[in-house]
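Heads up: the structure comes next, in structure tokens.
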Amino acid sequence: MSDDSVRVTKLDNGFTIASDAMTSVETASIGVWSAVGTRHEPPELNGVSHMLEHMAFKGTERRSAKDIAVEMESVGASINAYTTRERTAYYAKLLADDLPLGLDVLADILQHSAFDPGELERERTVILQEIGQAEDTPDDIVFDHFQAAAYPDQPMGRPVLGTEETVKRLKRGDLQGYLRGSYGPERLVLAAAGRVDHDFLVERAKALFTDLPQGRPAATVPARYVGGDHRADRDLEQVHLVLGFEGVGYLHEDYYLQSVLSTLYGGGMSSRLFQEVRENRGLVYSIYSFASSYDDGGLFAVYAGTGEGEAGEVLPLIAEELRRLPEGLTEEEIRRAKAQIRADLLMARESTSARAEHLAQQLQAYGRPLTTAELLQRIEAVDRASLARFARQLAASPPTLAALGPVGKLPSAKRVAEAFAA
């Protein structure tokens, strides 16, 4: 299975332009992915990456915030952005004939944002409301508490949104200085997928992205998994908990092991956790496992939402199912997990947005695009012995627990650790 549709050009200044042509569609997805996120922020500027993302749409030297919205929506296009701990993305989806407009708007907001003081104050209020909303959503904020407990006192553990205190302190000059120091061309990938012409994309990028900053970012602080325990007793109907361990990063040889193990352990309705904890025992409404990978590390974890009376039973069951994995893995569940991952991968190939995003992320994580055949081969290479080894490795790492709600009946931190050491 070849990916001959992918082309990559790296300009002399380090700016990478990539395309994935899909001749059977009439649309295109395009975006700029910056290898800058929460972990690259100084502690006093926590949340600046996210605020930059917001301010990008609040006006440039030649477009107001309304102009940006009207121009894009007048051709039926959509434009948006997101921030993670390692990336910030600005992207649009539009009809292929409107690609020049999308490129022009993206280049404008990334290079010529006005950072109008009035807009900054309004957006600060919006972000503070976003932080407040997250705090009011326990099945959302519990993941921030989990991240902070797993990576305490370091950039990888800080919240993407920032804190109320840091967001209130951010000034116009902070945003401008961070942009100049972090958004150099060597950290950017312009990626497009759909009905796109690569040579045209390169030509327009050379003409439009002429004012990218040349600053050099500070060195990235390595991620250092520690593990810990965070519990907050809140007046809620359910206990929301995340229990996890040290996982692996994108570049680790066990990355695909981690994906397959997460899928069969708690990745779907046929998974072990769903069948045992929800279907057989009725202890939860929601339970699933997930893996979060970074450039230099990762997390493997389980989320569960359960009642106060059931909370004390759920954690030991999660531990028991993980301990049983090494000796009890079956070829059928491994085959089923691989089929799920393979289907997800191939279904994503039908989406222009997914293909553009995957292309950009692969270039930033691996330095090159990975072919579909290569990805499928890595998934198929996973076997029972390697999965058993990885499951033992997970259980041997210090656990991390974050829990919100009526947490009084949860086992102590010591008991949680002992459950996996048994």
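Here's how to read the names in the structure tokens: chain A, B, ... by the order shown, residue numbers from 1 in each chain, ligand numbers from 1 in the order shown.
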
List every residue of stretch 195-380 of chain A that DSSP, applied to the backbone of this structure, assigns to strand (DSSP E), and report them as a PyMOL selection string. chain A and resi 229-233+238-247+284-294+297-307

Shell of 10 Å around A:Val6, only C-alpha atoms, local chain residues under 5 positions omitted, as an mmCIF file with all heavy atoms, in the first residue's frame:
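In the end it all went to selection-v9.cif:
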```
data_model
loop_
_atom_site.group_PDB
_atom_site.id
_atom_site.type_symbol
_atom_site.label_atom_id
_atom_site.label_comp_id
_atom_site.auth_asym_id
_atom_site.auth_seq_id
_atom_site.Cartn_x
_atom_site.Cartn_y
_atom_site.Cartn_z
ATOM 1 N N ALA A 18 4.191 20.384 3.268
ATOM 2 C CA ALA A 18 3.849 19.007 2.934
ATOM 3 C C ALA A 18 2.435 18.926 2.394
ATOM 4 O O ALA A 18 1.550 19.669 2.822
ATOM 5 C CB ALA A 18 3.983 18.123 4.182
ATOM 6 N N SER A 19 2.223 18.008 1.475
ATOM 7 C CA SER A 19 0.882 17.835 0.900
ATOM 8 C C SER A 19 0.588 16.364 0.687
ATOM 9 O O SER A 19 1.491 15.549 0.502
ATOM 10 C CB SER A 19 0.755 18.586 -0.430
ATOM 11 O OG SER A 19 1.606 18.003 -1.411
ATOM 12 N N ASP A 20 -0.697 16.055 0.746
ATOM 13 C CA ASP A 20 -1.184 14.697 0.510
ATOM 14 C C ASP A 20 -2.373 14.829 -0.434
ATOM 15 O O ASP A 20 -3.478 15.196 -0.030
ATOM 16 C CB ASP A 20 -1.603 14.068 1.842
ATOM 17 C CG ASP A 20 -1.933 12.586 1.717
ATOM 18 O OD1 ASP A 20 -1.983 12.083 0.586
ATOM 19 O OD2 ASP A 20 -2.147 11.942 2.763
ATOM 20 N N ALA A 21 -2.131 14.561 -1.706
ATOM 21 C CA ALA A 21 -3.144 14.798 -2.733
ATOM 22 C C ALA A 21 -4.200 13.696 -2.743
ATOM 23 O O ALA A 21 -3.891 12.505 -2.693
ATOM 24 C CB ALA A 21 -2.474 14.885 -4.100
ATOM 25 N N MET A 22 -5.472 14.138 -2.801
ATOM 26 C CA MET A 22 -6.611 13.220 -2.889
ATOM 27 C C MET A 22 -7.432 13.677 -4.098
ATOM 28 O O MET A 22 -8.214 14.617 -4.016
ATOM 29 C CB MET A 22 -7.433 13.268 -1.600
ATOM 30 C CG MET A 22 -6.644 12.899 -0.358
ATOM 31 S SD MET A 22 -7.501 13.327 1.206
ATOM 32 C CE MET A 22 -8.919 12.220 1.155
ATOM 33 N N ALA A 192 -1.185 20.183 3.972
ATOM 34 C CA ALA A 192 -2.476 20.239 3.291
ATOM 35 C C ALA A 192 -2.810 18.863 2.748
ATOM 36 O O ALA A 192 -1.924 18.094 2.357
ATOM 37 C CB ALA A 192 -2.444 21.252 2.159
ATOM 38 N N ALA A 193 -4.098 18.556 2.725
ATOM 39 C CA ALA A 193 -4.564 17.293 2.148
ATOM 40 C C ALA A 193 -5.880 17.539 1.437
ATOM 41 O O ALA A 193 -6.667 18.401 1.831
ATOM 42 C CB ALA A 193 -4.732 16.231 3.231
ATOM 43 N N HIS A 198 0.946 20.427 -4.982
ATOM 44 C CA HIS A 198 2.090 20.690 -4.110
ATOM 45 C C HIS A 198 2.934 21.874 -4.592
ATOM 46 O O HIS A 198 3.346 22.716 -3.789
ATOM 47 C CB HIS A 198 2.970 19.438 -4.010
ATOM 48 C CG HIS A 198 4.112 19.601 -3.053
ATOM 49 N ND1 HIS A 198 3.950 19.551 -1.683
ATOM 50 C CD2 HIS A 198 5.434 19.847 -3.265
ATOM 51 C CE1 HIS A 198 5.114 19.738 -1.085
ATOM 52 N NE2 HIS A 198 6.029 19.917 -2.035
ATOM 53 N N ARG A 355 -5.802 13.439 7.383
ATOM 54 C CA ARG A 355 -4.571 13.212 6.629
ATOM 55 C C ARG A 355 -3.611 14.389 6.744
ATOM 56 O O ARG A 355 -2.392 14.205 6.865
ATOM 57 C CB ARG A 355 -4.905 12.901 5.167
ATOM 58 C CG ARG A 355 -5.403 11.473 5.010
ATOM 59 C CD ARG A 355 -5.947 11.151 3.647
ATOM 60 N NE ARG A 355 -4.948 11.052 2.598
ATOM 61 C CZ ARG A 355 -5.113 10.338 1.481
ATOM 62 N NH1 ARG A 355 -6.240 9.629 1.314
ATOM 63 N NH2 ARG A 355 -4.189 10.313 0.558
ATOM 64 N N LEU A 359 -0.011 13.969 8.719
ATOM 65 C CA LEU A 359 1.203 14.302 7.973
ATOM 66 C C LEU A 359 2.065 15.287 8.764
ATOM 67 O O LEU A 359 3.278 15.090 8.922
ATOM 68 C CB LEU A 359 0.822 14.885 6.614
ATOM 69 C CG LEU A 359 1.958 15.280 5.669
ATOM 70 C CD1 LEU A 359 2.917 14.124 5.436
ATOM 71 C CD2 LEU A 359 1.374 15.776 4.340
ATOM 72 N N PRO A 369 7.352 11.519 6.742
ATOM 73 C CA PRO A 369 6.018 10.902 6.718
ATOM 74 C C PRO A 369 6.149 9.388 6.775
ATOM 75 O O PRO A 369 7.073 8.805 6.192
ATOM 76 C CB PRO A 369 5.432 11.372 5.386
ATOM 77 C CG PRO A 369 6.614 11.700 4.531
ATOM 78 C CD PRO A 369 7.724 12.121 5.445
ATOM 79 N N LEU A 370 5.246 8.743 7.475
ATOM 80 C CA LEU A 370 5.206 7.281 7.529
ATOM 81 C C LEU A 370 4.132 6.786 6.565
ATOM 82 O O LEU A 370 3.030 7.320 6.532
ATOM 83 C CB LEU A 370 4.873 6.804 8.948
ATOM 84 C CG LEU A 370 5.777 7.311 10.074
ATOM 85 C CD1 LEU A 370 5.322 6.717 11.411
ATOM 86 C CD2 LEU A 370 7.239 6.973 9.810
ATOM 87 N N THR A 371 4.453 5.760 5.793
ATOM 88 C CA THR A 371 3.474 5.232 4.846
ATOM 89 C C THR A 371 2.429 4.400 5.574
ATOM 90 O O THR A 371 2.671 3.865 6.666
ATOM 91 C CB THR A 371 4.138 4.357 3.778
ATOM 92 O OG1 THR A 371 4.650 3.169 4.397
ATOM 93 C CG2 THR A 371 5.275 5.104 3.083
#
```

When you count only C-alpha atoms, which of these residues is closest to A:Thr60: A:Ser113, A:Thr125, A:Asn13, A:Ser5? A:Ser113

Considering only C-alpha atoms, return as a list in words whatever protein or nucleic-acid residues lie within 12 Å of A:Gln362, sequence-local ones (same chain, fewer than 2 positions apart) excluded. Val8, Ala18, Trp33, Ala35, Val189, Ala191, Tyr250, Leu251, Asp295, Ala354, Arg355, Ala356, Glu357, His358, Leu359, Ala360, Gln364, Ala365, Tyr366, Gly367, Arg368, Pro369, Leu370, Thr371, Thr372 and Leu375 of chain A

Using the selection just defined, write its residues with N, CA, C and O atoms as a tab-separated table (two decimals), in the first residue's frame.
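Just written: part_25.tsv:
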```tsv
chain	number	residue	atom	x	y	z
A	8	VAL	N	6.90	16.38	0.16
A	8	VAL	CA	7.42	17.25	1.22
A	8	VAL	C	8.54	18.12	0.65
A	8	VAL	O	9.42	17.63	-0.06
A	18	ALA	N	4.19	20.38	3.27
A	18	ALA	CA	3.85	19.01	2.93
A	18	ALA	C	2.43	18.93	2.39
A	18	ALA	O	1.55	19.67	2.82
A	33	TRP	N	1.15	23.70	11.69
A	33	TRP	CA	1.40	23.06	12.97
A	33	TRP	C	2.73	23.55	13.52
A	33	TRP	O	3.77	23.43	12.86
A	35	ALA	N	5.57	23.26	16.51
A	35	ALA	CA	6.09	22.33	17.53
A	35	ALA	C	6.33	23.08	18.83
A	35	ALA	O	7.41	23.04	19.43
A	189	VAL	N	5.29	23.41	10.35
A	189	VAL	CA	4.95	22.58	9.19
A	189	VAL	C	3.64	23.10	8.62
A	189	VAL	O	2.63	23.19	9.34
A	191	ALA	N	0.87	21.95	6.29
A	191	ALA	CA	0.41	20.68	5.71
A	191	ALA	C	-0.97	20.85	5.11
A	191	ALA	O	-1.82	21.55	5.65
A	250	TYR	N	6.37	8.61	21.15
A	250	TYR	CA	6.21	8.27	19.73
A	250	TYR	C	7.38	7.46	19.18
A	250	TYR	O	7.20	6.56	18.36
A	251	LEU	N	8.57	7.81	19.61
A	251	LEU	CA	9.77	7.21	19.01
A	251	LEU	C	10.18	5.90	19.66
A	251	LEU	O	11.10	5.25	19.19
A	295	ASP	N	6.98	13.43	22.77
A	295	ASP	CA	8.25	13.25	22.07
A	295	ASP	C	9.23	12.42	22.89
A	295	ASP	O	10.09	11.72	22.33
A	354	ALA	N	-7.93	14.63	8.76
A	354	ALA	CA	-7.08	13.66	9.44
A	354	ALA	C	-5.76	13.46	8.71
A	354	ALA	O	-4.69	13.37	9.33
A	355	ARG	N	-5.80	13.44	7.38
A	355	ARG	CA	-4.57	13.21	6.63
A	355	ARG	C	-3.61	14.39	6.74
A	355	ARG	O	-2.39	14.20	6.87
A	356	ALA	N	-4.13	15.61	6.75
A	356	ALA	CA	-3.26	16.77	6.92
A	356	ALA	C	-2.64	16.76	8.31
A	356	ALA	O	-1.43	17.01	8.47
A	357	GLU	N	-3.45	16.48	9.32
A	357	GLU	CA	-2.96	16.48	10.69
A	357	GLU	C	-1.93	15.37	10.90
A	357	GLU	O	-0.86	15.61	11.50
A	358	HIS	N	-2.22	14.17	10.42
A	358	HIS	CA	-1.28	13.07	10.57
A	358	HIS	C	0.05	13.38	9.89
A	358	HIS	O	1.12	13.07	10.43
A	359	LEU	N	-0.01	13.97	8.72
A	359	LEU	CA	1.20	14.30	7.97
A	359	LEU	C	2.07	15.29	8.76
A	359	LEU	O	3.28	15.09	8.92
A	360	ALA	N	1.45	16.33	9.29
A	360	ALA	CA	2.19	17.31	10.06
A	360	ALA	C	2.79	16.70	11.32
A	360	ALA	O	3.96	16.93	11.66
A	364	GLN	N	6.81	16.23	12.43
A	364	GLN	CA	7.38	16.83	13.64
A	364	GLN	C	7.86	15.79	14.63
A	364	GLN	O	8.82	16.03	15.36
A	365	ALA	N	7.22	14.64	14.67
A	365	ALA	CA	7.63	13.61	15.62
A	365	ALA	C	8.77	12.74	15.08
A	365	ALA	O	9.72	12.43	15.80
A	366	TYR	N	8.67	12.35	13.79
A	366	TYR	CA	9.62	11.41	13.22
A	366	TYR	C	10.59	12.04	12.22
A	366	TYR	O	11.57	11.40	11.84
A	367	GLY	N	10.27	13.24	11.78
A	367	GLY	CA	11.13	13.87	10.78
A	367	GLY	C	10.85	13.43	9.36
A	367	GLY	O	11.52	13.85	8.43
A	368	ARG	N	9.83	12.60	9.19
A	368	ARG	CA	9.46	12.11	7.85
A	368	ARG	C	8.03	11.59	7.90
A	368	ARG	O	7.54	11.21	8.97
A	369	PRO	N	7.35	11.52	6.74
A	369	PRO	CA	6.02	10.90	6.72
A	369	PRO	C	6.15	9.39	6.77
A	369	PRO	O	7.07	8.81	6.19
A	370	LEU	N	5.25	8.74	7.47
A	370	LEU	CA	5.21	7.28	7.53
A	370	LEU	C	4.13	6.79	6.56
A	370	LEU	O	3.03	7.32	6.53
A	371	THR	N	4.45	5.76	5.79
A	371	THR	CA	3.47	5.23	4.85
A	371	THR	C	2.43	4.40	5.57
A	371	THR	O	2.67	3.86	6.67
A	372	THR	N	1.27	4.27	4.97
A	372	THR	CA	0.22	3.44	5.54
A	372	THR	C	0.68	2.00	5.69
A	372	THR	O	0.42	1.34	6.70
A	375	LEU	N	2.87	1.66	8.75
A	375	LEU	CA	2.09	1.70	9.98
A	375	LEU	C	1.38	0.36	10.22
A	375	LEU	O	1.39	-0.18	11.32
```

As a list of chain:residue names, please: the residues near A:Arg281 (cut-off 12 Å, only C-alpha atoms, same-chain neighbours under 2 positions excluded).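 Within the cut-off, the hits are A:Leu273, A:Phe274, A:Gln275, A:Glu276, A:Val277, A:Arg278, A:Glu279, A:Leu283, A:Val284, A:Tyr285, A:Thr306, A:Glu310, A:Glu313, A:Val314, A:Leu317.
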
Could I get the residues of stretch 302-325 of chain A with an atom no further than 9 Å from an atom of stretch 412-416 of chain A, each paired with its nearest atom pair and that distance in Å to one decimal, using only C-alpha atoms, sorted by chain and residue number, as CSV?
```
residue,atom,partner,partner_atom,distance
A:Leu315,CA,A:Val416,CA,7.5
A:Pro316,CA,A:Val416,CA,7.7
A:Ala319,CA,A:Val416,CA,8.3
```

Print the selection's residues with C-alpha atoms to a file, as a CSV table (one decimal), in the first residue's frame.
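File written: result.csv
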```
chain,number,residue,atom,x,y,z
A,315,LEU,CA,-9.7,0.4,41.5
A,316,PRO,CA,-8.9,-3.2,42.7
A,319,ALA,CA,-5.5,-3.6,39.1
```

Give me the residues near A:Pro100 as a list in words, where near means some atom within 9 Å (using only C-alpha atoms) and where sequence neighbours in that chain fewer than 4 positions away do not count. Ala96, Asp104, Val105, Leu201 and Arg204 of chain A

A:Leu101, A:Ser64, A:Ser182, A:Leu52 ranked by distance to A:Gly76, top pick (using only C-alpha atoms):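 So, comparing all the options, the nearest one is A:Leu101.
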
Out of A:Gln340, A:Gln154, A:Gln238, A:Gln176, which residue has the shortest atom-to-atom distance to A:Gly408 when counting only C-alpha atoms?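 Ranking A:Gln340, A:Gln154, A:Gln238, A:Gln176 by distance to A:Gly408, first place goes to A:Gln238.
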
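Of the listed residues (A:Ala223, A:Leu95, A:Leu345, A:Ala304), A:Ala223 comes nearest to A:His40; the distances count only C-alpha atoms.
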
If we count only C-alpha atoms and set the cut-off at 9 Å, which residues sit around A:Leu208, ignoring sequence neighbours fewer than 6 positions away in its own chain? Please answer as a ChimeraX atom specification. /A:103-104,107-108

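Picture a line from atom CA of A:Ser289 to atom CA of A:Gly266; it runs 4.5 Å.
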
Show which residues sit within 7 Å of A:Leu401, as a VMD selection string. Count only C-alpha atoms, and ignore same-chain residues fewer than 5 positions away. chain A and resid 146 228 to 230 242 to 244

Enter the distance from atom CA of A:Asp344 to atom CA of A:Leu261, in Å, rounded to one decimal.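 For atom CA of A:Asp344 relative to atom CA of A:Leu261, the distance reads 15.4 Å.
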
Mind the document's chain letters and residue numbers, and return as JSON, numbers by chain the residues of stretch 69-169 of chain A that DSSP labels helix (DSSP H, G or I). {"A": [69, 70, 71, 72, 73, 96, 97, 98, 99, 100, 101, 102, 103, 104, 105, 106, 107, 108, 109, 110, 111, 117, 118, 119, 120, 121, 122, 123, 124, 125, 126, 127, 128, 129, 130, 131, 132, 133, 134, 135, 138, 139, 140, 141, 142, 143, 144, 145, 146, 147, 148, 149, 150, 155, 156, 157, 164, 165, 166, 167, 168, 169]}

Determine the nearest neighbour of A:Lys171 from the options A:Leu45, A:Ala385, A:Ala148, A:Ala343, counting only C-alpha atoms. A:Leu45

Among the residues A:Glu86, A:Glu130, A:Glu121, A:Glu418, the one that comes closest to A:Leu170 [using only C-alpha atoms]: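 Counting only C-alpha atoms, the residue closest to A:Leu170 is A:Glu121.
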
Atom-to-atom span, atom CA of A:Gln129 and atom CA of A:Ser293, Å: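 Separating atom CA of A:Gln129 from atom CA of A:Ser293 is a distance of 28.6 Å.
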